[in-house]
Amino acid sequence: MKTEPVIEIDHLKKSFGTQEILKDVTLKLLKGENLVVLAKSGNGKSVLIKCIVGLLKTDSGTIRVFGKDVTSLETKELGELRNWQGFLFQSGALYDSMTVKENLEFPLRRIKRDLSEVQIREKVEEVLSNVGLAETLDKMPSQLSGGMRKRISLARTIIVDPQIMLYDEPTTGLDPVTSDEIISLINVVQEKYKTSSIIITHDIRCAKNTANRIVMLSEGQVHKEGNVEDFVKSDDPLIRSFFL
Amino acid sequence: MTRSGPLRIKKLLPVVKVREFAEGKSVLLVDKALASSEKAGNFLTDVADVTLFVLRIIRETFSPKFEYREFFHQCFKIGYKTVPLISITGAIMGLVLTIQSRPTLDDFGAVALLPGMVTVSLIREIGPVITALICAGKIGSGMGAELGSMRVTEQIDAMEVSSTNPMKFLVTTRVLAATLMIPLLVLYADALGIFGSWAGANIKGDVTFSLFFAQAFNYIGFIDFMPALIKTFFFGAVIGIVGCYKGYNAGRGTESVGTAANSAVVVGSLLVIIIDMIAVQITDMLVS
């Protein structure tokens, strides 16, 4: 049984001005699982994972990653903790001024400083072939399609061997075929790299095909928690609106 | 109702109107006062933000693991890639200044002073200010737009989660590169300006370059050269800081990229003029 929690969020609150986005969120990510956080747009899904990785400061509550409270860590400690986390941004967030190769080398050179040039090149080639884009090495992000950019972005995230993956709307804006490719890659990453993942989405196909467990957020709180089957069989009108 | 009732109301009406008018005015005044205090508050918040931003740049500059590679890349981008624009502008500055000044000096029979006058003007004032204004337009807007678009497309966030300090990697390197490269560009523009001036002098005359050069530098002293050079470092720093500040703190929408680029140019140019004014006053005080 995979029961060891790698992320524990306890009574998390986050507001922007007078607008309360997260009112009281409590959830756990267990080791090796894919946890899908499902919610309508504007319900604080992206805010939640940005709080986890420390890009946003919380108002109250705790976020423990590998037992360390992110909300009280110093910049240096937070940086060290981030080395174990991979973040796939909604937009891909590839560096426009760098080639695909440079994009992939960028985190590698900063996090795994002891690697030689040969090892760096091998690692870049390995992750690129894992996402099926070995031929794009010298291309600029502007020369790639949306789906390709997402896959390169995923490659850039997994290149540093993270133990936790945070996916922010991985299939948003993609056609169904490309979405399926990304969904399949998420599962491959879980299997191959033994990652524990939080997948933020409102795409039900993505949720059904990647989730070991689902947490639904509504009005800044956890509305329901369970596996895919629990959600499919649920009579809750909010859940039905997603799963029908 | 008694007969005096409507009469009394009629008499009261002007009083009521005056009161309503006064109330309306006082509400308006309160609104204006609140708006003004909010503006003042926002201005103070902006000043505090900029101060903290500058302090962070200073701290990151002296903290370990300086981003040399990115710094040299920015020096190349800011310096080398601005050379064509500065070359054309510098040469034209000298040429135009010479052509425009010649008739007036001719009237006073002082054409011999032309090389010295143009060179002093170029080195002291026109070269640094025009070059800095061009750099505020090209480099400042470039930084504002680039960092703004990186903010909007989450590239800065991506950098932060990749164990990279974006302030150190993106901001400090750009500000330092601008601080170092703009003085060099100014020197280059001055040199081309003098060359342009020589070309201008030869349109209606015949002066050898060595004679022109010798005459020009007869009038140039340490006090002309050093303050002008020192102020260009401040021009460079201000252009870099404003461009980076506007871009780094851009909003989330694509519109904010344009706003960041635009305000980087406007604020940068304005600050260049203000710094120039202060520098002239300080130089004047030191000389006299």
# chains A, B, ... in the order shown; residues from 1 in each chain; ligands from 1

call {"tool": "interface_residues", "arguments": {"of": "chain B", "to": "chain A", "cutoff": "10 Å", "atoms": "only C-alpha atoms", "output": "PDB file with N, CA and C atoms, in the first residue's frame"}}
result
ATOM      1  N   GLU B 146      10.676  42.435 -23.048  1.00  0.00           N
ATOM      2  CA  GLU B 146      11.169  41.055 -22.887  1.00  0.00           C
ATOM      3  C   GLU B 146      10.788  40.487 -21.515  1.00  0.00           C
ATOM      4  N   SER B 149       6.981  40.130 -21.171  1.00  0.00           N
ATOM      5  CA  SER B 149       6.417  38.947 -21.844  1.00  0.00           C
ATOM      6  C   SER B 149       6.836  37.666 -21.110  1.00  0.00           C
ATOM      7  N   MET B 150       8.030  37.684 -20.518  1.00  0.00           N
ATOM      8  CA  MET B 150       8.448  36.514 -19.720  1.00  0.00           C
ATOM      9  C   MET B 150       7.561  36.367 -18.486  1.00  0.00           C
ATOM     10  N   ARG B 151       7.151  37.493 -17.915  1.00  0.00           N
ATOM     11  CA  ARG B 151       6.251  37.449 -16.750  1.00  0.00           C
ATOM     12  C   ARG B 151       4.891  36.898 -17.158  1.00  0.00           C
ATOM     13  N   VAL B 152       4.366  37.421 -18.288  1.00  0.00           N
ATOM     14  CA  VAL B 152       3.028  37.020 -18.735  1.00  0.00           C
ATOM     15  C   VAL B 152       2.993  35.530 -19.090  1.00  0.00           C
ATOM     16  N   THR B 153       4.050  35.036 -19.734  1.00  0.00           N
ATOM     17  CA  THR B 153       4.050  33.636 -20.167  1.00  0.00           C
ATOM     18  C   THR B 153       4.659  32.692 -19.109  1.00  0.00           C
ATOM     19  N   GLU B 154       4.775  33.162 -17.894  1.00  0.00           N
ATOM     20  CA  GLU B 154       5.216  32.372 -16.727  1.00  0.00           C
ATOM     21  C   GLU B 154       6.668  31.900 -16.821  1.00  0.00           C
ATOM     22  N   GLN B 155       7.449  32.499 -17.740  1.00  0.00           N
ATOM     23  CA  GLN B 155       8.857  32.073 -17.860  1.00  0.00           C
ATOM     24  C   GLN B 155       9.662  32.455 -16.614  1.00  0.00           C
ATOM     25  N   ILE B 156       9.297  33.587 -16.004  1.00  0.00           N
ATOM     26  CA  ILE B 156      10.021  34.002 -14.789  1.00  0.00           C
ATOM     27  C   ILE B 156       9.705  33.029 -13.647  1.00  0.00           C
ATOM     28  N   ASP B 157       8.436  32.614 -13.565  1.00  0.00           N
ATOM     29  CA  ASP B 157       8.043  31.624 -12.548  1.00  0.00           C
ATOM     30  C   ASP B 157       8.776  30.304 -12.797  1.00  0.00           C
ATOM     31  N   ALA B 158       8.850  29.928 -14.093  1.00  0.00           N
ATOM     32  CA  ALA B 158       9.531  28.669 -14.442  1.00  0.00           C
ATOM     33  C   ALA B 158      10.995  28.718 -14.014  1.00  0.00           C
ATOM     34  N   MET B 159      11.597  29.884 -14.180  1.00  0.00           N
ATOM     35  CA  MET B 159      12.995  30.056 -13.789  1.00  0.00           C
ATOM     36  C   MET B 159      13.137  29.898 -12.270  1.00  0.00           C
ATOM     37  N   GLU B 160      12.188  30.474 -11.566  1.00  0.00           N
ATOM     38  CA  GLU B 160      12.234  30.428 -10.097  1.00  0.00           C
ATOM     39  C   GLU B 160      12.113  28.987  -9.582  1.00  0.00           C
ATOM     40  N   VAL B 161      11.246  28.192 -10.219  1.00  0.00           N
ATOM     41  CA  VAL B 161      11.118  26.811  -9.754  1.00  0.00           C
ATOM     42  C   VAL B 161      12.260  25.920 -10.269  1.00  0.00           C
ATOM     43  N   SER B 162      13.096  26.457 -11.167  1.00  0.00           N
ATOM     44  CA  SER B 162      14.272  25.702 -11.639  1.00  0.00           C
ATOM     45  C   SER B 162      15.507  26.076 -10.832  1.00  0.00           C
ATOM     46  N   SER B 163      15.313  26.479  -9.598  1.00  0.00           N
ATOM     47  CA  SER B 163      16.439  26.836  -8.727  1.00  0.00           C
ATOM     48  C   SER B 163      17.281  27.975  -9.289  1.00  0.00           C
ATOM     49  N   THR B 164      16.654  28.874 -10.001  1.00  0.00           N
ATOM     50  CA  THR B 164      17.373  30.036 -10.533  1.00  0.00           C
ATOM     51  C   THR B 164      16.721  31.288  -9.973  1.00  0.00           C
ATOM     52  N   ASN B 165      17.555  32.190  -9.480  1.00  0.00           N
ATOM     53  CA  ASN B 165      17.036  33.435  -8.945  1.00  0.00           C
ATOM     54  C   ASN B 165      16.830  34.404 -10.120  1.00  0.00           C
TER      55      ASN B 165
END

call {"tool": "residues_around", "arguments": {"residues": "Ala211 (chain A)", "least_positions_apart": "5", "cutoff": "8 Å", "atoms": "only C-alpha atoms", "output": "number ranges by chain"}}
result
A: 33-36, 227-228

call {"tool": "residues_around", "arguments": {"residues": "Ile123 (chain B)", "least_positions_apart": "2", "cutoff": "8 Å", "atoms": "only C-alpha atoms", "output": "mmCIF file with N, CA and C atoms, in the first residue's frame"}}
result
data_model
loop_
_atom_site.group_PDB
_atom_site.id
_atom_site.type_symbol
_atom_site.label_atom_id
_atom_site.label_comp_id
_atom_site.auth_asym_id
_atom_site.auth_seq_id
_atom_site.Cartn_x
_atom_site.Cartn_y
_atom_site.Cartn_z
ATOM 1 N N THR B 119 33.035 69.980 -30.614
ATOM 2 C CA THR B 119 33.555 68.868 -29.793
ATOM 3 C C THR B 119 33.162 69.026 -28.329
ATOM 4 N N VAL B 120 33.277 70.257 -27.822
ATOM 5 C CA VAL B 120 32.878 70.482 -26.427
ATOM 6 C C VAL B 120 31.389 70.180 -26.264
ATOM 7 N N SER B 121 30.570 70.669 -27.200
ATOM 8 C CA SER B 121 29.116 70.415 -27.113
ATOM 9 C C SER B 121 28.826 68.925 -27.152
ATOM 10 N N GLU B 125 27.582 67.419 -23.567
ATOM 11 C CA GLU B 125 26.138 67.370 -23.441
ATOM 12 C C GLU B 125 25.420 66.537 -24.499
ATOM 13 N N ILE B 126 25.642 66.926 -25.764
ATOM 14 C CA ILE B 126 24.786 66.330 -26.801
ATOM 15 C C ILE B 126 25.043 64.839 -26.964
ATOM 16 N N GLY B 127 26.297 64.443 -26.984
ATOM 17 C CA GLY B 127 26.626 63.018 -27.142
ATOM 18 C C GLY B 127 26.000 62.159 -26.055
ATOM 19 N N PRO B 128 26.293 62.459 -24.769
ATOM 20 C CA PRO B 128 25.723 61.628 -23.703
ATOM 21 C C PRO B 128 24.197 61.613 -23.684
ATOM 22 N N ASP B 190 30.462 59.880 -29.399
ATOM 23 C CA ASP B 190 31.258 61.127 -29.384
ATOM 24 C C ASP B 190 32.311 61.095 -30.501
ATOM 25 N N ASP B 224 35.779 68.780 -18.917
ATOM 26 C CA ASP B 224 34.749 68.542 -19.934
ATOM 27 C C ASP B 224 34.445 67.056 -20.040
ATOM 28 N N PHE B 225 35.497 66.294 -19.898
ATOM 29 C CA PHE B 225 35.398 64.878 -20.195
ATOM 30 C C PHE B 225 34.855 64.033 -19.018
ATOM 31 N N ALA B 228 31.090 64.322 -17.794
ATOM 32 C CA ALA B 228 30.219 63.787 -18.850
ATOM 33 C C ALA B 228 30.267 62.263 -18.862
#

call {"tool": "residues_around", "arguments": {"residues": "Ile241 (chain B)", "least_positions_apart": "5", "cutoff": "10 Å", "atoms": "only C-alpha atoms", "output": "list in words"}}
result
Val50, Phe53, Val54, Ile57, Gly140, Met143, Gly144, Val171, Thr172, Arg174, Val175, Leu176, Ala178, Thr179, Phe235, Gly236, Lys246, Gly247, Ala264 and Gly268 of chain B

call {"tool": "write_last_selection", "arguments": {"atoms": "N, CA and C atoms", "output": "PDB file, in the first residue's frame"}}
result
ATOM      1  N   VAL B  50      10.296  50.677  -5.863  1.00  0.00           N
ATOM      2  CA  VAL B  50      11.498  50.905  -6.679  1.00  0.00           C
ATOM      3  C   VAL B  50      12.747  50.856  -5.788  1.00  0.00           C
ATOM      4  N   PHE B  53      13.516  47.380  -4.966  1.00  0.00           N
ATOM      5  CA  PHE B  53      14.009  46.743  -6.194  1.00  0.00           C
ATOM      6  C   PHE B  53      15.494  47.052  -6.390  1.00  0.00           C
ATOM      7  N   VAL B  54      15.839  48.339  -6.224  1.00  0.00           N
ATOM      8  CA  VAL B  54      17.237  48.751  -6.404  1.00  0.00           C
ATOM      9  C   VAL B  54      18.128  48.107  -5.332  1.00  0.00           C
ATOM     10  N   ILE B  57      18.787  44.617  -6.253  1.00  0.00           N
ATOM     11  CA  ILE B  57      19.782  44.510  -7.343  1.00  0.00           C
ATOM     12  C   ILE B  57      21.187  44.615  -6.746  1.00  0.00           C
ATOM     13  N   GLY B 140      15.836  50.224 -23.136  1.00  0.00           N
ATOM     14  CA  GLY B 140      14.819  50.253 -22.073  1.00  0.00           C
ATOM     15  C   GLY B 140      13.537  49.571 -22.504  1.00  0.00           C
ATOM     16  N   MET B 143      14.047  45.778 -22.779  1.00  0.00           N
ATOM     17  CA  MET B 143      14.032  45.094 -21.476  1.00  0.00           C
ATOM     18  C   MET B 143      12.603  45.002 -20.920  1.00  0.00           C
ATOM     19  N   GLY B 144      11.885  46.118 -21.021  1.00  0.00           N
ATOM     20  CA  GLY B 144      10.503  46.137 -20.507  1.00  0.00           C
ATOM     21  C   GLY B 144       9.648  45.100 -21.209  1.00  0.00           C
ATOM     22  N   VAL B 171      17.606  40.354 -14.014  1.00  0.00           N
ATOM     23  CA  VAL B 171      17.618  41.790 -13.715  1.00  0.00           C
ATOM     24  C   VAL B 171      19.033  42.320 -13.488  1.00  0.00           C
ATOM     25  N   THR B 172      19.755  41.697 -12.556  1.00  0.00           N
ATOM     26  CA  THR B 172      21.083  42.218 -12.204  1.00  0.00           C
ATOM     27  C   THR B 172      22.003  42.253 -13.426  1.00  0.00           C
ATOM     28  N   ARG B 174      21.220  42.482 -16.591  1.00  0.00           N
ATOM     29  CA  ARG B 174      20.802  43.522 -17.544  1.00  0.00           C
ATOM     30  C   ARG B 174      21.170  44.924 -17.044  1.00  0.00           C
ATOM     31  N   VAL B 175      20.917  45.163 -15.758  1.00  0.00           N
ATOM     32  CA  VAL B 175      21.210  46.503 -15.214  1.00  0.00           C
ATOM     33  C   VAL B 175      22.717  46.772 -15.275  1.00  0.00           C
ATOM     34  N   LEU B 176      23.519  45.773 -14.888  1.00  0.00           N
ATOM     35  CA  LEU B 176      24.982  45.968 -14.906  1.00  0.00           C
ATOM     36  C   LEU B 176      25.498  46.134 -16.338  1.00  0.00           C
ATOM     37  N   ALA B 178      23.838  47.333 -18.876  1.00  0.00           N
ATOM     38  CA  ALA B 178      23.452  48.678 -19.351  1.00  0.00           C
ATOM     39  C   ALA B 178      24.361  49.734 -18.721  1.00  0.00           C
ATOM     40  N   THR B 179      24.667  49.575 -17.441  1.00  0.00           N
ATOM     41  CA  THR B 179      25.519  50.548 -16.737  1.00  0.00           C
ATOM     42  C   THR B 179      26.915  50.590 -17.362  1.00  0.00           C
ATOM     43  N   PHE B 235      23.166  57.250 -16.303  1.00  0.00           N
ATOM     44  CA  PHE B 235      22.163  57.084 -17.368  1.00  0.00           C
ATOM     45  C   PHE B 235      21.935  55.586 -17.624  1.00  0.00           C
ATOM     46  N   GLY B 236      23.030  54.860 -17.753  1.00  0.00           N
ATOM     47  CA  GLY B 236      22.944  53.423 -18.029  1.00  0.00           C
ATOM     48  C   GLY B 236      22.208  52.686 -16.927  1.00  0.00           C
ATOM     49  N   LYS B 246       9.946  47.831 -14.827  1.00  0.00           N
ATOM     50  CA  LYS B 246       8.647  47.850 -15.512  1.00  0.00           C
ATOM     51  C   LYS B 246       8.312  46.464 -16.070  1.00  0.00           C
ATOM     52  N   GLY B 247       9.303  45.796 -16.649  1.00  0.00           N
ATOM     53  CA  GLY B 247       9.053  44.470 -17.217  1.00  0.00           C
ATOM     54  C   GLY B 247       8.830  43.416 -16.145  1.00  0.00           C
ATOM     55  N   ALA B 264       8.677  52.144 -19.767  1.00  0.00           N
ATOM     56  CA  ALA B 264      10.138  52.060 -19.603  1.00  0.00           C
ATOM     57  C   ALA B 264      10.812  53.176 -20.397  1.00  0.00           C
ATOM     58  N   GLY B 268      12.267  56.260 -18.369  1.00  0.00           N
ATOM     59  CA  GLY B 268      13.721  56.231 -18.568  1.00  0.00           C
ATOM     60  C   GLY B 268      14.228  57.537 -19.176  1.00  0.00           C
TER      61      GLY B 268
END

call {"tool": "closest_residue", "arguments": {"among": "A:Ile182, A:Arg64, A:Ser129, A:Met216", "to": "His202 (chain A)", "atoms": "only C-alpha atoms"}}
result
A:Met216

call {"tool": "select_by_dssp", "arguments": {"residues": "region 8-240 of chain A", "states": "helix (DSSP H, G or I)", "output": "PyMOL selection string"}}
result
chain A and resi 45-52+70-72+75-82+100-111+117-130+134-136+141-143+146-158+176-193+204-210+228-233+237-240

call {"tool": "atom_distance", "arguments": {"atom1": "CA of Leu174 (chain A)", "atom2": "CA of Lys45 (chain A)"}}
result
18.8 Å

call {"tool": "select_by_dssp", "arguments": {"residues": "region 8-157 of chain A", "states": "strand (DSSP E)", "output": "ChimeraX atom specification"}}
result
/A:8-16,19-30,34-38,60-65,68-69,85-88
